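data_32.tsv (TSV, C-alpha atoms)
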chain	number	residue	atom	x	y	z
A	17	MET	CA	0.00	0.00	0.00
A	18	VAL	CA	1.46	3.30	1.14
A	19	ILE	CA	4.52	1.89	2.85
A	20	PRO	CA	7.28	3.20	0.50
A	21	PRO	CA	6.95	6.84	1.67
A	22	ILE	CA	7.86	5.78	5.23
A	23	GLY	CA	11.47	5.31	4.25
A	24	ALA	CA	11.63	8.92	3.21
A	25	ILE	CA	10.25	10.11	6.57
A	26	GLY	CA	13.50	9.20	8.27
A	27	GLY	CA	14.97	12.31	6.69
A	28	ILE	CA	12.88	14.52	8.96
A	29	GLY	CA	14.99	13.59	11.94
A	30	SER	CA	17.94	15.43	10.51
A	31	VAL	CA	15.76	18.42	9.70
A	32	GLY	CA	14.39	18.36	13.22
A	33	SER	CA	17.85	18.17	14.76
A	34	LEU	CA	18.44	21.53	13.16
A	35	GLY	CA	15.92	22.86	15.72
A	36	PRO	CA	18.23	23.33	18.72
A	37	THR	CA	20.87	25.13	16.64
A	38	ALA	CA	18.35	27.69	15.47
A	39	GLY	CA	17.45	29.84	18.48
A	40	ALA	CA	13.96	30.69	17.27
A	41	THR	CA	12.62	27.13	17.43
A	42	GLN	CA	14.16	26.26	20.78
A	43	ALA	CA	11.51	27.76	23.02
A	44	ALA	CA	8.59	25.73	21.64
A	45	PRO	CA	6.34	24.98	24.64
A	46	GLY	CA	5.03	21.55	23.56
A	47	GLY	CA	8.41	19.88	22.93
A	48	ASP	CA	10.62	20.46	19.92
A	49	PHE	CA	9.85	19.59	16.36
A	50	ALA	CA	12.03	16.47	16.34
A	51	SER	CA	10.24	14.83	19.28
A	52	LYS	CA	6.85	15.71	17.82
A	53	ILE	CA	7.82	14.14	14.54
A	54	SER	CA	9.18	11.07	16.26
A	55	ASP	CA	5.91	10.69	18.22
A	56	ALA	CA	3.94	11.04	15.02
A	57	ILE	CA	6.05	8.41	13.32
A	58	ASP	CA	5.56	6.02	16.23
A	59	GLN	CA	1.83	6.52	15.88
A	60	LEU	CA	2.06	6.01	12.13
A	61	ASP	CA	3.99	2.81	12.65
A	62	GLU	CA	1.29	1.57	15.02
A	63	LEU	CA	-1.44	2.31	12.47
A	64	ASN	CA	0.51	0.52	9.76
A	65	LYS	CA	0.98	-2.47	12.04
A	66	ALA	CA	-2.77	-2.56	12.77
A	67	SER	CA	-3.45	-2.42	9.05
A	68	ASP	CA	-0.95	-5.24	8.40
A	69	THR	CA	-2.54	-7.39	11.11
A	70	ALA	CA	-5.97	-6.86	9.58
A	71	ALA	CA	-4.58	-7.70	6.12
A	72	GLN	CA	-3.14	-10.90	7.48
A	73	GLN	CA	-6.46	-11.78	9.13
A	74	ALA	CA	-8.26	-11.11	5.86
A	75	ALA	CA	-5.86	-13.41	4.01
A	76	THR	CA	-6.19	-16.23	6.53
A	77	GLY	CA	-9.94	-15.88	6.89
A	78	ASP	CA	-9.81	-14.82	10.54
A	79	LEU	CA	-11.24	-11.39	9.88
A	80	THR	CA	-14.66	-11.03	11.54
A	81	ASP	CA	-15.33	-7.44	10.50
A	82	ILE	CA	-14.62	-6.36	6.95
A	83	HIS	CA	-14.95	-2.73	7.91
A	84	ASP	CA	-12.22	-3.09	10.56
A	85	TYR	CA	-9.70	-3.81	7.83
A	86	MET	CA	-10.93	-1.01	5.59
A	87	ILE	CA	-10.82	1.47	8.47
A	88	ALA	CA	-7.35	0.35	9.54
A	89	ALA	CA	-6.16	0.72	5.96
A	90	THR	CA	-7.79	4.15	5.66
A	91	GLU	CA	-6.24	5.31	8.94
A	92	ALA	CA	-2.82	4.07	7.88
A	93	SER	CA	-2.96	5.70	4.46
A	94	THR	CA	-4.32	8.99	5.82
A	95	ALA	CA	-1.66	9.12	8.53
A	96	THR	CA	1.08	8.34	6.02
A	97	GLU	CA	-0.19	11.03	3.70
A	98	LEU	CA	-0.19	13.48	6.60
A	99	ALA	CA	3.34	12.54	7.61
A	100	VAL	CA	4.62	12.90	4.07
A	101	SER	CA	2.84	16.23	3.80
A	102	VAL	CA	4.50	17.48	6.99
A	103	ARG	CA	7.87	16.18	5.79
A	104	ASN	CA	7.50	18.05	2.51
A	105	ARG	CA	6.66	21.27	4.30
A	106	ALA	CA	9.59	20.86	6.70
A	107	LEU	CA	11.94	20.15	3.82
A	108	GLU	CA	10.65	23.19	1.97
A	109	ALA	CA	11.32	25.34	5.02
A	110	PHE	CA	14.80	23.86	5.36
A	111	GLN	CA	15.60	24.52	1.71
A	112	GLU	CA	14.27	28.03	2.02
A	113	ILE	CA	16.73	28.65	4.86
A	114	MET	CA	19.57	27.06	2.88
A	115	ARG	CA	18.89	29.43	0.00
A	116	MET	CA	19.19	32.43	2.31
A	117	GLN	CA	21.87	34.96	1.31
A	118	VAL	CA	24.48	35.59	3.97
B	26	MET	CA	-6.50	6.46	19.16
B	27	SER	CA	-6.92	10.14	19.38
B	28	MET	CA	-6.15	11.18	15.81
B	29	PHE	CA	-8.91	9.07	14.28
B	30	GLY	CA	-11.44	9.16	17.10
B	31	MET	CA	-14.31	9.71	14.72
B	32	LEU	CA	-13.40	6.67	12.64
B	33	ASP	CA	-13.11	4.50	15.74
B	34	THR	CA	-16.47	5.67	17.05
B	35	ALA	CA	-18.18	4.93	13.74
B	36	ALA	CA	-16.36	1.60	13.58
B	37	SER	CA	-17.80	0.64	16.97
B	38	GLY	CA	-21.25	1.39	15.55
B	39	MET	CA	-20.59	-0.78	12.52
B	40	ARG	CA	-19.34	-3.60	14.73
B	41	THR	CA	-22.41	-3.46	16.96
B	42	HIS	CA	-24.78	-3.44	14.02
B	43	ARG	CA	-22.90	-6.29	12.43
B	44	VAL	CA	-23.56	-8.30	15.60
B	45	TRP	CA	-27.20	-7.24	15.43
B	46	LEU	CA	-27.38	-8.35	11.80
B	47	ASN	CA	-25.84	-11.67	12.86
B	48	ALA	CA	-28.51	-12.07	15.53
B	49	VAL	CA	-31.35	-11.27	13.12
B	50	SER	CA	-29.85	-13.60	10.56
B	51	ASP	CA	-29.73	-16.35	13.18
B	52	ASN	CA	-33.36	-15.71	14.14
B	53	ILE	CA	-34.54	-15.84	10.54
B	54	ALA	CA	-32.50	-18.94	9.81
B	55	ASN	CA	-34.13	-20.69	12.77
B	56	ILE	CA	-37.65	-19.53	12.04
B	57	SER	CA	-38.76	-23.14	11.39
B	58	THR	CA	-36.69	-24.88	14.06
B	59	TYR	CA	-39.20	-27.05	15.89
B	60	ARG	CA	-38.35	-28.80	19.12
B	61	PRO	CA	-40.20	-31.53	21.01
B	62	MET	CA	-42.18	-30.44	24.07
B	63	ASP	CA	-39.58	-31.74	26.57
B	64	GLU	CA	-36.86	-29.52	25.10
B	65	ALA	CA	-36.41	-25.77	25.05
B	66	ALA	CA	-37.50	-24.02	21.88
B	67	TYR	CA	-35.07	-22.01	19.80
B	68	GLN	CA	-34.55	-18.79	21.73
B	69	PRO	CA	-34.39	-15.73	19.48
B	70	ARG	CA	-31.27	-13.63	19.99
B	71	TYR	CA	-31.49	-9.99	20.96
B	72	VAL	CA	-28.55	-7.61	21.08
B	73	ASP	CA	-28.24	-5.45	24.17
B	74	ALA	CA	-26.28	-2.41	23.02
B	75	GLN	CA	-24.57	-0.05	25.40
B	76	SER	CA	-22.94	3.31	24.83
B	77	LEU	CA	-19.27	3.34	25.76
B	78	PRO	CA	-18.00	6.11	28.01
B	79	GLY	CA	-15.17	8.31	26.84
B	80	ALA	CA	-11.90	8.70	28.69
B	81	ASN	CA	-12.44	9.21	32.45
B	82	GLY	CA	-16.11	8.52	31.92
B	83	GLN	CA	-16.48	11.83	30.16
B	84	TYR	CA	-17.32	12.56	26.59
B	85	ASN	CA	-14.43	14.35	24.92
B	86	GLY	CA	-15.27	13.78	21.30
B	87	ALA	CA	-12.41	11.37	20.76
B	88	ASN	CA	-13.79	8.37	22.57
B	89	GLY	CA	-17.18	6.87	23.15
B	90	GLY	CA	-19.02	4.79	20.64
B	91	VAL	CA	-21.22	1.80	21.20
B	92	GLY	CA	-20.63	-1.79	22.18
B	93	VAL	CA	-22.54	-4.99	22.71
B	94	ARG	CA	-23.09	-5.53	26.42
B	95	GLN	CA	-24.66	-8.95	26.09
B	96	ILE	CA	-26.80	-11.11	23.89
B	97	LEU	CA	-30.24	-11.69	25.38
B	98	PHE	CA	-32.22	-14.80	24.63
B	99	GLY	CA	-35.94	-14.99	24.07
B	100	ASP	CA	-38.53	-17.23	25.67
B	101	PRO	CA	-37.44	-20.92	25.89
B	102	GLU	CA	-41.12	-21.89	26.06
B	103	GLY	CA	-41.45	-20.85	22.44
B	104	ARG	CA	-44.78	-21.01	20.72
B	105	VAL	CA	-46.55	-24.31	21.32
B	106	ILE	CA	-48.32	-25.40	18.16
B	107	TYR	CA	-50.57	-28.33	17.43
B	108	SER	CA	-49.04	-30.39	14.66
B	109	PRO	CA	-49.82	-34.07	15.18
B	110	ASP	CA	-48.14	-35.17	11.93
B	111	HIS	CA	-44.81	-33.73	13.00
B	112	PRO	CA	-42.30	-36.47	13.93
B	113	LEU	CA	-41.31	-34.50	17.05
B	114	ALA	CA	-44.87	-34.06	18.30
B	115	ASP	CA	-45.75	-35.51	21.72
B	116	GLU	CA	-48.82	-37.67	22.43
B	117	ASN	CA	-51.03	-34.55	22.39
B	118	GLY	CA	-49.66	-33.56	18.95
B	119	LEU	CA	-47.81	-30.51	20.29
B	120	VAL	CA	-44.37	-29.16	19.27
B	121	ARG	CA	-42.46	-26.04	20.21
B	122	ALA	CA	-41.80	-23.49	17.50
B	123	PRO	CA	-39.55	-20.46	18.10
B	124	ASP	CA	-41.37	-17.40	19.35
B	125	THR	CA	-40.08	-15.30	16.46
B	126	ASP	CA	-42.17	-12.98	14.34
B	127	LEU	CA	-40.75	-12.92	10.82
B	128	GLY	CA	-42.23	-9.51	10.10
B	129	GLU	CA	-40.57	-8.04	13.16
B	130	GLN	CA	-37.28	-9.70	12.28
B	131	MET	CA	-37.40	-8.25	8.77
B	132	THR	CA	-38.03	-4.80	10.24
B	133	GLN	CA	-35.08	-5.26	12.58
B	134	LEU	CA	-33.00	-6.42	9.63
B	135	MET	CA	-33.77	-3.21	7.79
B	136	MET	CA	-33.03	-1.11	10.86
B	137	ALA	CA	-29.72	-2.83	11.51
B	138	GLN	CA	-28.69	-2.59	7.87
B	139	ARG	CA	-29.59	1.09	7.66
B	140	SER	CA	-27.71	1.83	10.87
B	141	TYR	CA	-24.69	-0.01	9.53
B	142	GLN	CA	-24.96	2.05	6.37
B	143	SER	CA	-25.24	5.30	8.36
B	144	ASN	CA	-22.08	4.51	10.28
B	145	SER	CA	-20.34	3.69	7.04
B	146	THR	CA	-21.39	7.09	5.67
B	147	VAL	CA	-19.96	8.76	8.78
B	148	ILE	CA	-16.64	7.08	8.01
B	149	LEU	CA	-16.70	8.28	4.41
B	150	ARG	CA	-17.47	11.84	5.47
B	151	ALA	CA	-14.81	11.71	8.18
B	152	LYS	CA	-12.28	10.54	5.61
B	153	ASP	CA	-13.25	13.41	3.32
B	154	MET	CA	-12.82	15.75	6.26
B	155	TYR	CA	-9.31	14.51	7.02
B	156	GLN	CA	-8.41	14.85	3.34
B	157	GLN	CA	-9.77	18.38	3.42
B	158	ALA	CA	-7.59	19.21	6.40
B	159	MET	CA	-4.56	17.91	4.55
B	160	GLN	CA	-5.28	20.24	1.67
B	161	ILE	CA	-3.95	22.99	3.96
B	162	GLY	CA	-0.49	21.46	3.65
B	163	ARG	CA	-0.55	21.43	-0.13
B	164	GLY	CA	0.42	24.17	-2.49
What would you get if you wrote out this structure as structure tokens?
Amino acid sequence: MVIPPIGAIGGIGSVGSLGPTAGATQAAPGGDFASKISDAIDQLDELNKASDTAAQQAATGDLTDIHDYMIAATEASTATELAVSVRNRALEAFQEIMRMQV
Amino acid sequence: MSMFGMLDTAASGMRTHRVWLNAVSDNIANISTYRPMDEAAYQPRYVDAQSLPGANGQYNGANGGVGVRQILFGDPEGRVIYSPDHPLADENGLVRAPDTDLGEQMTQLMMAQRSYQSNSTVILRAKDMYQQAMQIGRG
């Protein structure tokens, strides 16, 4: 399904680690960007695992609720899309800073 | 799961109505299950649904939903009918038929199916909503 984009998400960590060096992002009240991203990825991983379990149940005939699989798959794909979207925005911001004239 | 609370709530509704559909299906399948007088008749199944509390017993929009508390069984006496030709009939010609009304079961079938459909529509709309929110990140 939507698993290939996950590999690319790893790149965010390095973007996030830029946070502490830039003074403006250091004082974020709800934790820094890197930890937020890492939490989000943990959640995404959980959703993907739930979707995989449901897929396995569907294949082996153990699935009692068809909708459970469809919902798990929808949640996983929506969360992945969101994570990729956030990654793209973060990367854009990073590149914008890199293009800055000094 | 907090991010997809709406999906999980609607999923609990679909699950409950799936159980209800199962029960109705069972009742209809057993509409002609006759038992001899010294045995219990087929007991129609009824779903006892219960709303689930949110976190800390409070509704916060991300929890809740519905669940099946228990399956209730109908009257084991059944409906005693006079059918002397039936192989299971006792010396008075009586057998026990399930106390199920097919018309009522069909109505329940429609209700359960429509409720299942409504929950499914909630999921579709919720999905659209999440997609809409993600449009903010594009462009």
Take the point (-15.3, 6.8, 7.2) in the file's coordinates, draw a sphere of radius 9 Å around it, and report as a short mmCIF file (atom, residue, chain, number, x, y, z; two decimals) with C-alpha atoms, in the frame of the given file every protein, DNA or RNA residue with an atom inside or on it, counting all atoms listed in the file.
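Generated file (selection.cif):
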data_model
loop_
_atom_site.label_atom_id
_atom_site.label_comp_id
_atom_site.auth_asym_id
_atom_site.auth_seq_id
_atom_site.Cartn_x
_atom_site.Cartn_y
_atom_site.Cartn_z
CA ILE A 87 -10.82 1.47 8.47
CA THR A 90 -7.79 4.15 5.66
CA MET B 31 -14.31 9.71 14.72
CA LEU B 32 -13.40 6.67 12.64
CA ALA B 35 -18.18 4.93 13.74
CA ALA B 36 -16.36 1.60 13.58
CA ASN B 144 -22.08 4.51 10.28
CA SER B 145 -20.34 3.69 7.04
CA THR B 146 -21.39 7.09 5.67
CA VAL B 147 -19.96 8.76 8.78
CA ILE B 148 -16.64 7.08 8.01
CA LEU B 149 -16.70 8.28 4.41
CA ARG B 150 -17.47 11.84 5.47
CA ALA B 151 -14.81 11.71 8.18
CA LYS B 152 -12.28 10.54 5.61
CA ASP B 153 -13.25 13.41 3.32
#
*May I ask you to extract the residues of chain A within 8 Å of chain B, using all atoms listed in the file, and to give them as number ranges by chain?*
A: 81, 83-84, 87, 90-91, 94, 98, 101-102, 105
*Tell me which protein, DNA and RNA residues are within 12 Å of Leu63 (chain A), counting only C-alpha atoms, leaving out same-chain ones fewer than 3 positions away, and put them as a list in words.*
Val18, Ile19, Ala56, Ile57, Asp58, Gln59, Leu60, Ala66, Ser67, Asp68, Thr69, Ala70, Tyr85, Ile87, Ala88, Ala89, Thr90, Glu91, Ala92, Ser93, Thr94, Ala95 and Thr96 of chain A; Met26, Ser27, Met28 and Phe29 of chain B
_Just the number, please: distance in Å from CA of Ser143 (chain B) to CA of Gly92 (chain B), one decimal._
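So the two atoms, CA of Ser143 (chain B) and CA of Gly92 (chain B), lie 16.2 Å apart.
The closest residue to Gln95 (chain B), picked from B:Trp45, B:Tyr67, B:Tyr59, B:Tyr107 and counting only C-alpha atoms, is B:Trp45.
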_My list of candidates is B:Leu77, B:Val49, B:Val72, B:Met62. Which is closest to Thr34 (chain B) when distances are computed with only C-alpha atoms?_
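Looking only at the distances to Thr34 (chain B), the closest residue turns out to be B:Leu77.
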_Coordinates-based distance that separates CA of Gln142 (chain B) from CA of Asp126 (chain B) (Å, one decimal)_ =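 Separating CA of Asp126 (chain B) from CA of Gln142 (chain B) is a distance of 24.2 Å.
Here CA of Ile53 (chain A) and CA of Ala99 (chain A) stand 8.4 Å from one another.
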*asked:* Can you pull out the residues contacting Gln130 (chain B)? Cut-off 9 Å, using only C-alpha atoms, and skip same-chain residues under 3 positions away; I want them as a PyMOL selection string.
replied: chain B and resi 49-50+52-53+125-127+133-135
*Can you find the residues with an atom no farther than 6 Å from (-42.5, -27.4, 17.6), counting all atoms listed in the file, and report them as a VMD selection string?*
chain B and resid 59 to 61 120 to 122
All residues 6 Å or closer to region 98-105 of chain B, all atoms listed in the file, same chain fewer than 4 positions away omitted, as a PDB file with C-alpha atoms, in the frame of the given file:
ATOM      1  CA  ALA B  65     -36.410 -25.770  25.050  1.00  0.00           C
ATOM      2  CA  ALA B  66     -37.500 -24.020  21.880  1.00  0.00           C
ATOM      3  CA  GLN B  68     -34.550 -18.790  21.730  1.00  0.00           C
ATOM      4  CA  PRO B  69     -34.390 -15.730  19.480  1.00  0.00           C
ATOM      5  CA  ARG B  70     -31.270 -13.630  19.990  1.00  0.00           C
ATOM      6  CA  VAL B 120     -44.370 -29.160  19.270  1.00  0.00           C
ATOM      7  CA  ARG B 121     -42.460 -26.040  20.210  1.00  0.00           C
ATOM      8  CA  ALA B 122     -41.800 -23.490  17.500  1.00  0.00           C
ATOM      9  CA  PRO B 123     -39.550 -20.460  18.100  1.00  0.00           C
ATOM     10  CA  ASP B 124     -41.370 -17.400  19.350  1.00  0.00           C
TER      11      ASP B 124
END
Give me region 66-77 of chain A from this structure - N, CA, C and O atoms, as a PDB file, in the first residue's frame.
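Contents of decode33.pdb, freshly written:
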ATOM      1  N   ALA A  66      -1.370  -2.134  12.638  1.00  0.00           N
ATOM      2  CA  ALA A  66      -2.771  -2.560  12.774  1.00  0.00           C
ATOM      3  C   ALA A  66      -3.333  -2.944  11.414  1.00  0.00           C
ATOM      4  O   ALA A  66      -4.051  -3.948  11.284  1.00  0.00           O
ATOM      5  N   SER A  67      -2.982  -2.144  10.407  1.00  0.00           N
ATOM      6  CA  SER A  67      -3.451  -2.424   9.053  1.00  0.00           C
ATOM      7  C   SER A  67      -2.875  -3.747   8.539  1.00  0.00           C
ATOM      8  O   SER A  67      -3.583  -4.552   7.930  1.00  0.00           O
ATOM      9  N   ASP A  68      -1.605  -3.984   8.828  1.00  0.00           N
ATOM     10  CA  ASP A  68      -0.953  -5.238   8.400  1.00  0.00           C
ATOM     11  C   ASP A  68      -1.593  -6.446   9.070  1.00  0.00           C
ATOM     12  O   ASP A  68      -1.819  -7.484   8.441  1.00  0.00           O
ATOM     13  N   THR A  69      -1.892  -6.296  10.384  1.00  0.00           N
ATOM     14  CA  THR A  69      -2.539  -7.393  11.113  1.00  0.00           C
ATOM     15  C   THR A  69      -3.889  -7.720  10.491  1.00  0.00           C
ATOM     16  O   THR A  69      -4.232  -8.894  10.292  1.00  0.00           O
ATOM     17  N   ALA A  70      -4.653  -6.654  10.181  1.00  0.00           N
ATOM     18  CA  ALA A  70      -5.972  -6.859   9.576  1.00  0.00           C
ATOM     19  C   ALA A  70      -5.834  -7.510   8.206  1.00  0.00           C
ATOM     20  O   ALA A  70      -6.636  -8.380   7.836  1.00  0.00           O
ATOM     21  N   ALA A  71      -4.807  -7.111   7.450  1.00  0.00           N
ATOM     22  CA  ALA A  71      -4.581  -7.695   6.123  1.00  0.00           C
ATOM     23  C   ALA A  71      -4.286  -9.185   6.242  1.00  0.00           C
ATOM     24  O   ALA A  71      -4.785  -9.997   5.462  1.00  0.00           O
ATOM     25  N   GLN A  72      -3.492  -9.501   7.260  1.00  0.00           N
ATOM     26  CA  GLN A  72      -3.142 -10.901   7.483  1.00  0.00           C
ATOM     27  C   GLN A  72      -4.390 -11.707   7.854  1.00  0.00           C
ATOM     28  O   GLN A  72      -4.590 -12.827   7.377  1.00  0.00           O
ATOM     29  N   GLN A  73      -5.224 -11.101   8.723  1.00  0.00           N
ATOM     30  CA  GLN A  73      -6.459 -11.779   9.128  1.00  0.00           C
ATOM     31  C   GLN A  73      -7.378 -11.991   7.932  1.00  0.00           C
ATOM     32  O   GLN A  73      -8.031 -13.033   7.820  1.00  0.00           O
ATOM     33  N   ALA A  74      -7.417 -10.987   7.049  1.00  0.00           N
ATOM     34  CA  ALA A  74      -8.263 -11.110   5.861  1.00  0.00           C
ATOM     35  C   ALA A  74      -7.767 -12.248   4.976  1.00  0.00           C
ATOM     36  O   ALA A  74      -8.559 -13.009   4.414  1.00  0.00           O
ATOM     37  N   ALA A  75      -6.446 -12.377   4.876  1.00  0.00           N
ATOM     38  CA  ALA A  75      -5.864 -13.408   4.013  1.00  0.00           C
ATOM     39  C   ALA A  75      -6.084 -14.799   4.590  1.00  0.00           C
ATOM     40  O   ALA A  75      -6.289 -15.765   3.853  1.00  0.00           O
ATOM     41  N   THR A  76      -6.048 -14.906   5.919  1.00  0.00           N
ATOM     42  CA  THR A  76      -6.188 -16.230   6.533  1.00  0.00           C
ATOM     43  C   THR A  76      -7.640 -16.573   6.850  1.00  0.00           C
ATOM     44  O   THR A  76      -7.926 -17.681   7.289  1.00  0.00           O
ATOM     45  N   GLY A  77      -8.528 -15.609   6.633  1.00  0.00           N
ATOM     46  CA  GLY A  77      -9.944 -15.881   6.886  1.00  0.00           C
ATOM     47  C   GLY A  77     -10.353 -15.678   8.329  1.00  0.00           C
ATOM     48  O   GLY A  77     -11.441 -16.074   8.729  1.00  0.00           O
TER      49      GLY A  77
END
